[in-house]
Structures are given as structure tokens and as C-alpha cells.
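Undergrad: Structure file model30.cif (mmCIF, N, CA and C atoms) is given on the next line.
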```cif
data_input
loop_
_atom_site.label_atom_id
_atom_site.label_comp_id
_atom_site.auth_asym_id
_atom_site.auth_seq_id
_atom_site.Cartn_x
_atom_site.Cartn_y
_atom_site.Cartn_z
N GLY A 1 6.19 -12.52 -15.20
CA GLY A 1 6.86 -13.20 -16.30
C GLY A 1 5.95 -14.23 -16.96
N ALA A 2 5.19 -14.96 -16.14
CA ALA A 2 4.30 -15.98 -16.70
C ALA A 2 3.19 -15.33 -17.52
N TYR A 3 2.69 -14.18 -17.05
CA TYR A 3 1.65 -13.47 -17.79
C TYR A 3 2.19 -13.03 -19.15
N LYS A 4 3.39 -12.46 -19.16
CA LYS A 4 3.99 -12.00 -20.43
C LYS A 4 4.20 -13.16 -21.38
N ALA A 5 4.74 -14.27 -20.88
CA ALA A 5 5.00 -15.43 -21.73
C ALA A 5 3.70 -15.98 -22.31
N ALA A 6 2.66 -16.06 -21.48
CA ALA A 6 1.37 -16.57 -21.97
C ALA A 6 0.83 -15.68 -23.07
N ARG A 7 0.90 -14.39 -22.85
CA ARG A 7 0.37 -13.45 -23.86
C ARG A 7 1.17 -13.51 -25.15
N ARG A 8 2.50 -13.65 -25.03
CA ARG A 8 3.33 -13.77 -26.24
C ARG A 8 2.95 -15.00 -27.05
N LEU A 9 2.49 -16.05 -26.35
CA LEU A 9 2.08 -17.28 -27.03
C LEU A 9 0.62 -17.24 -27.47
N GLY A 10 -0.04 -16.12 -27.22
CA GLY A 10 -1.43 -15.97 -27.62
C GLY A 10 -2.41 -16.67 -26.68
N LEU A 11 -1.96 -16.98 -25.47
CA LEU A 11 -2.82 -17.65 -24.50
C LEU A 11 -3.54 -16.63 -23.62
N ARG A 12 -4.78 -16.93 -23.30
CA ARG A 12 -5.57 -16.05 -22.43
C ARG A 12 -5.66 -16.64 -21.03
N ILE A 13 -5.44 -15.79 -20.05
CA ILE A 13 -5.51 -16.20 -18.64
C ILE A 13 -6.88 -15.79 -18.12
N PRO A 14 -7.66 -16.63 -17.56
CA PRO A 14 -7.52 -18.05 -17.29
C PRO A 14 -8.20 -18.94 -18.33
N ASP A 15 -8.65 -18.36 -19.45
CA ASP A 15 -9.40 -19.14 -20.44
C ASP A 15 -8.60 -20.30 -21.00
N ASP A 16 -7.32 -20.06 -21.32
CA ASP A 16 -6.48 -21.10 -21.92
C ASP A 16 -5.50 -21.71 -20.91
N ILE A 17 -5.10 -20.94 -19.92
CA ILE A 17 -4.10 -21.40 -18.96
C ILE A 17 -4.35 -20.72 -17.61
N SER A 18 -4.24 -21.48 -16.54
CA SER A 18 -4.34 -20.92 -15.19
C SER A 18 -2.93 -20.61 -14.70
N VAL A 19 -2.81 -19.54 -13.94
CA VAL A 19 -1.52 -19.12 -13.40
C VAL A 19 -1.68 -18.90 -11.90
N THR A 20 -0.73 -19.41 -11.13
CA THR A 20 -0.74 -19.21 -9.68
C THR A 20 0.61 -18.71 -9.21
N GLY A 21 0.63 -18.11 -8.04
CA GLY A 21 1.87 -17.62 -7.46
C GLY A 21 1.97 -18.00 -6.00
N ILE A 22 3.00 -17.49 -5.36
CA ILE A 22 3.20 -17.72 -3.94
C ILE A 22 3.68 -16.43 -3.31
N ASP A 23 3.34 -16.17 -2.09
CA ASP A 23 3.72 -15.01 -1.28
C ASP A 23 2.61 -13.98 -1.16
N ASP A 24 1.67 -13.95 -2.08
CA ASP A 24 0.57 -12.98 -2.04
C ASP A 24 1.08 -11.56 -1.91
N LEU A 25 2.04 -11.22 -2.73
CA LEU A 25 2.57 -9.85 -2.75
C LEU A 25 1.51 -8.88 -3.26
N ALA A 26 1.70 -7.60 -3.00
CA ALA A 26 0.75 -6.58 -3.45
C ALA A 26 0.55 -6.64 -4.97
N LEU A 27 1.58 -7.03 -5.69
CA LEU A 27 1.50 -7.13 -7.15
C LEU A 27 0.39 -8.10 -7.58
N ALA A 28 0.08 -9.08 -6.76
CA ALA A 28 -0.91 -10.09 -7.11
C ALA A 28 -2.26 -9.48 -7.44
N THR A 29 -2.62 -8.41 -6.76
CA THR A 29 -3.92 -7.78 -7.03
C THR A 29 -3.81 -6.63 -8.02
N ALA A 30 -2.59 -6.31 -8.45
CA ALA A 30 -2.39 -5.26 -9.45
C ALA A 30 -2.43 -5.82 -10.87
N LEU A 31 -2.28 -7.13 -11.00
CA LEU A 31 -2.30 -7.76 -12.32
C LEU A 31 -3.73 -7.90 -12.82
N ASP A 32 -3.87 -8.08 -14.12
CA ASP A 32 -5.17 -8.30 -14.72
C ASP A 32 -5.12 -9.56 -15.57
N PRO A 33 -5.82 -10.61 -15.19
CA PRO A 33 -6.65 -10.75 -14.01
C PRO A 33 -5.80 -10.90 -12.74
N GLU A 34 -6.43 -10.60 -11.59
CA GLU A 34 -5.71 -10.72 -10.33
C GLU A 34 -5.20 -12.15 -10.15
N LEU A 35 -4.00 -12.27 -9.57
CA LEU A 35 -3.31 -13.55 -9.46
C LEU A 35 -3.79 -14.38 -8.27
N THR A 36 -4.16 -15.63 -8.54
CA THR A 36 -4.42 -16.60 -7.48
C THR A 36 -3.07 -16.94 -6.86
N THR A 37 -2.99 -16.91 -5.54
CA THR A 37 -1.69 -17.09 -4.90
C THR A 37 -1.83 -17.73 -3.53
N VAL A 38 -0.73 -18.26 -3.04
CA VAL A 38 -0.68 -18.83 -1.70
C VAL A 38 -0.18 -17.74 -0.76
N HIS A 39 -0.98 -17.45 0.26
CA HIS A 39 -0.60 -16.44 1.24
C HIS A 39 0.09 -17.15 2.41
N LEU A 40 1.25 -16.66 2.78
CA LEU A 40 1.94 -17.18 3.96
C LEU A 40 2.51 -16.03 4.76
N ASP A 41 2.73 -16.27 6.03
CA ASP A 41 3.28 -15.26 6.92
C ASP A 41 4.79 -15.19 6.67
N ALA A 42 5.22 -14.23 5.87
CA ALA A 42 6.63 -14.13 5.48
C ALA A 42 7.54 -13.93 6.69
N GLU A 43 7.06 -13.17 7.67
CA GLU A 43 7.89 -12.94 8.86
C GLU A 43 8.11 -14.25 9.62
N ARG A 44 7.05 -15.01 9.78
CA ARG A 44 7.18 -16.30 10.46
C ARG A 44 8.05 -17.26 9.66
N PHE A 45 7.91 -17.24 8.36
CA PHE A 45 8.72 -18.09 7.48
C PHE A 45 10.21 -17.77 7.67
N GLY A 46 10.54 -16.48 7.67
CA GLY A 46 11.92 -16.06 7.87
C GLY A 46 12.43 -16.42 9.26
N GLU A 47 11.57 -16.24 10.26
CA GLU A 47 11.95 -16.56 11.64
C GLU A 47 12.27 -18.04 11.80
N GLN A 48 11.40 -18.89 11.27
CA GLN A 48 11.64 -20.33 11.37
C GLN A 48 12.88 -20.73 10.58
N GLY A 49 13.09 -20.09 9.44
CA GLY A 49 14.29 -20.37 8.66
C GLY A 49 15.56 -20.00 9.42
N MET A 50 15.53 -18.86 10.11
CA MET A 50 16.70 -18.44 10.88
C MET A 50 16.95 -19.38 12.04
N HIS A 51 15.88 -19.81 12.73
CA HIS A 51 16.05 -20.77 13.82
C HIS A 51 16.65 -22.08 13.31
N ALA A 52 16.20 -22.53 12.15
CA ALA A 52 16.73 -23.76 11.56
C ALA A 52 18.21 -23.60 11.21
N LEU A 53 18.56 -22.46 10.62
CA LEU A 53 19.96 -22.20 10.26
C LEU A 53 20.85 -22.18 11.50
N LEU A 54 20.40 -21.50 12.54
CA LEU A 54 21.18 -21.43 13.77
C LEU A 54 21.34 -22.81 14.40
N ALA A 55 20.30 -23.63 14.34
CA ALA A 55 20.39 -24.99 14.88
C ALA A 55 21.43 -25.80 14.13
N VAL A 56 21.40 -25.73 12.81
CA VAL A 56 22.37 -26.47 11.99
C VAL A 56 23.78 -25.98 12.28
N LEU A 57 23.98 -24.68 12.36
CA LEU A 57 25.30 -24.14 12.65
C LEU A 57 25.80 -24.54 14.04
N ASP A 58 24.86 -24.82 14.94
CA ASP A 58 25.19 -25.25 16.30
C ASP A 58 25.31 -26.77 16.40
N GLY A 59 25.17 -27.45 15.25
CA GLY A 59 25.29 -28.91 15.24
C GLY A 59 24.04 -29.64 15.70
N ARG A 60 22.92 -28.93 15.77
CA ARG A 60 21.67 -29.55 16.20
C ARG A 60 20.76 -29.77 15.00
N ARG A 61 19.83 -30.67 15.19
CA ARG A 61 18.81 -30.89 14.15
C ARG A 61 17.73 -29.82 14.31
N PRO A 62 17.35 -29.14 13.24
CA PRO A 62 16.31 -28.11 13.35
C PRO A 62 14.97 -28.70 13.77
N ASP A 63 14.21 -27.93 14.53
CA ASP A 63 12.86 -28.34 14.89
C ASP A 63 12.00 -28.39 13.64
N ALA A 64 11.16 -29.41 13.57
CA ALA A 64 10.19 -29.48 12.47
C ALA A 64 9.03 -28.56 12.82
N GLY A 65 8.52 -27.89 11.87
CA GLY A 65 7.40 -27.00 12.13
C GLY A 65 6.65 -26.67 10.86
N ASP A 66 5.38 -26.50 11.00
CA ASP A 66 4.54 -26.13 9.86
C ASP A 66 4.26 -24.64 9.91
N ILE A 67 4.12 -24.08 8.75
CA ILE A 67 3.71 -22.68 8.63
C ILE A 67 2.36 -22.68 7.93
N PRO A 68 1.34 -22.17 8.59
CA PRO A 68 0.02 -22.17 7.96
C PRO A 68 0.01 -21.32 6.69
N VAL A 69 -0.67 -21.81 5.70
CA VAL A 69 -0.82 -21.07 4.45
C VAL A 69 -2.30 -21.02 4.11
N GLN A 70 -2.64 -20.09 3.23
CA GLN A 70 -4.03 -19.94 2.80
C GLN A 70 -4.03 -19.63 1.31
N LEU A 71 -4.89 -20.31 0.59
CA LEU A 71 -5.01 -20.07 -0.85
C LEU A 71 -5.93 -18.88 -1.09
N ALA A 72 -5.43 -17.87 -1.78
CA ALA A 72 -6.22 -16.70 -2.15
C ALA A 72 -6.62 -16.87 -3.62
N VAL A 73 -7.83 -17.36 -3.84
CA VAL A 73 -8.30 -17.64 -5.20
C VAL A 73 -8.77 -16.34 -5.83
N ARG A 74 -8.20 -16.05 -6.99
CA ARG A 74 -8.57 -14.83 -7.73
C ARG A 74 -8.83 -15.19 -9.20
N GLY A 75 -8.78 -14.21 -10.05
CA GLY A 75 -9.20 -14.40 -11.43
C GLY A 75 -8.25 -15.12 -12.37
N SER A 76 -7.05 -15.47 -11.93
CA SER A 76 -6.07 -16.08 -12.85
C SER A 76 -6.20 -17.60 -12.97
N THR A 77 -7.17 -18.18 -12.26
CA THR A 77 -7.36 -19.62 -12.36
C THR A 77 -8.81 -19.92 -12.71
N ALA A 78 -8.99 -21.04 -13.38
CA ALA A 78 -10.34 -21.48 -13.77
C ALA A 78 -10.43 -22.98 -13.51
N PRO A 79 -11.65 -23.50 -13.37
CA PRO A 79 -11.81 -24.94 -13.19
C PRO A 79 -11.30 -25.67 -14.43
N PRO A 80 -10.89 -26.93 -14.26
CA PRO A 80 -10.45 -27.71 -15.43
C PRO A 80 -11.58 -27.86 -16.43
N ARG A 81 -11.21 -27.91 -17.67
CA ARG A 81 -12.22 -28.16 -18.73
C ARG A 81 -12.59 -29.62 -18.76
N THR A 82 -13.82 -29.88 -19.08
CA THR A 82 -14.24 -31.28 -19.25
C THR A 82 -14.03 -31.66 -20.70
N PRO A 83 -13.54 -32.87 -20.92
CA PRO A 83 -13.26 -33.29 -22.31
C PRO A 83 -14.49 -33.45 -23.15
#
```
Write out the structure in this file as C-alpha cells.
TA:
Amino acid sequence: GAYKAARRLGLRIPDDISVTGIDDLALATALDPELTTVHLDAERFGEQGMHALLAVLDGRRPDAGDIPVQLAVRGSTAPPRTP
């Protein structure tokens, strides 16, 4: 959707605007230019979410936990322009 909107406005990715996503879905590498995205372990994300939900339903405070993520830099982002 962001790619379509940018193109409708006459913007070039990444020349005029950088675009990023999250989840690192297969679609990310099918776009042109390929989408810079945050890769996360979706299975672990869902598992931790379910544990948190079950804790809340049981009247307990959910365990705090981090899910490691990794930035997959691709062609949809560019360094900031210097004024």
C-alpha cells in the first residue's frame, strides 16, 4: 500500500522516500525495490503472546520478555540527505 501511495504521488523509493516494514514476509523480496524490514520470529511472538493472554486470564501478571529482532536492510531505504 505504501509503495502504491508513493507512486501515485510521484515519489520514487528510495530516492524521495524510504519505506520500511515489519515481519519480513516473502513479499518483502518480491517488491521492487526490495523492502527493508524488521525480521522477527513470528512463532515465538505468537507463543509469548499466548502465554501472556493465559496469564492475564488466570489473574496473573504476564512475564516480561524480549523477542530478538533483526533489521534486514534492502533497497527501499536510503541514507538521509544532507541539507
Undergrad: Run the PyMOL selection byres (((chain A and resi 48 and name CA) around 10) and name CA) mentally over the shown coordinates, then write out the matched residues as a PyMOL selection string, using the chain letters and numbers from the document.
TA: chain A and resi 42-47+49-54+62-67
Undergrad: Using only C-alpha atoms, what residues lie at most 10 Å away from (-7.8, -18.6, -10.5) (file coordinates), given as an MDAnalysis selection string?
TA: chainID A and resid 13:14 17:20 33:37 72:79
Undergrad: Restricting the calculation to only C-alpha atoms: of A:Asp15, A:Val69, A:Asp58, A:Leu27, which residue gets closest to Arg81 of chain A?
TA: A:Asp15
Undergrad: So how many Å separate atom C of Gln70 of chain A and atom C of Leu40 of chain A, to one decimal?
TA: 8.2 Å
Undergrad: What does the structure give for the distance between atom CA of Ala26 of chain A and atom CA of Val38 of chain A, in Å to one decimal?
TA: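 These atoms are spaced 12.5 Å apart.
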Undergrad: Give the answer as one residue: which of A:Asp32, A:Pro80, A:Gly21, A:Asp41 has the shortest atom-to-atom distance to Pro68 of chain A, using only C-alpha atoms?
TA: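 That would be A:Asp41, the residue with the smallest distance to Pro68 of chain A.
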Undergrad: I need the strand (DSSP E or B) residues of segment 2-69 of chain A per DSSP on the backbone, written as a short mmCIF file (atom, residue, chain, number, x, y, z; two decimals) with N, CA and C atoms, keeping the file's coordinate frame.
TA:
```
data_model
loop_
_atom_site.label_atom_id
_atom_site.label_comp_id
_atom_site.auth_asym_id
_atom_site.auth_seq_id
_atom_site.Cartn_x
_atom_site.Cartn_y
_atom_site.Cartn_z
N THR A 20 -0.73 -19.41 -11.13
CA THR A 20 -0.74 -19.21 -9.68
C THR A 20 0.61 -18.71 -9.21
N GLY A 21 0.63 -18.11 -8.04
CA GLY A 21 1.87 -17.62 -7.46
C GLY A 21 1.97 -18.00 -6.00
N ILE A 22 3.00 -17.49 -5.36
CA ILE A 22 3.20 -17.72 -3.94
C ILE A 22 3.68 -16.43 -3.31
N THR A 36 -4.16 -15.63 -8.54
CA THR A 36 -4.42 -16.60 -7.48
C THR A 36 -3.07 -16.94 -6.86
N THR A 37 -2.99 -16.91 -5.54
CA THR A 37 -1.69 -17.09 -4.90
C THR A 37 -1.83 -17.73 -3.53
N VAL A 38 -0.73 -18.26 -3.04
CA VAL A 38 -0.68 -18.83 -1.70
C VAL A 38 -0.18 -17.74 -0.76
N HIS A 39 -0.98 -17.45 0.26
CA HIS A 39 -0.60 -16.44 1.24
C HIS A 39 0.09 -17.15 2.41
N LEU A 40 1.25 -16.66 2.78
CA LEU A 40 1.94 -17.18 3.96
C LEU A 40 2.51 -16.03 4.76
N VAL A 69 -0.67 -21.81 5.70
CA VAL A 69 -0.82 -21.07 4.45
C VAL A 69 -2.30 -21.02 4.11
#
```
Undergrad: Could you state the separation of atom CA of Leu25 of chain A and atom CA of Gly1 of chain A in Å, given to one decimal place?
TA: 14.6 Å
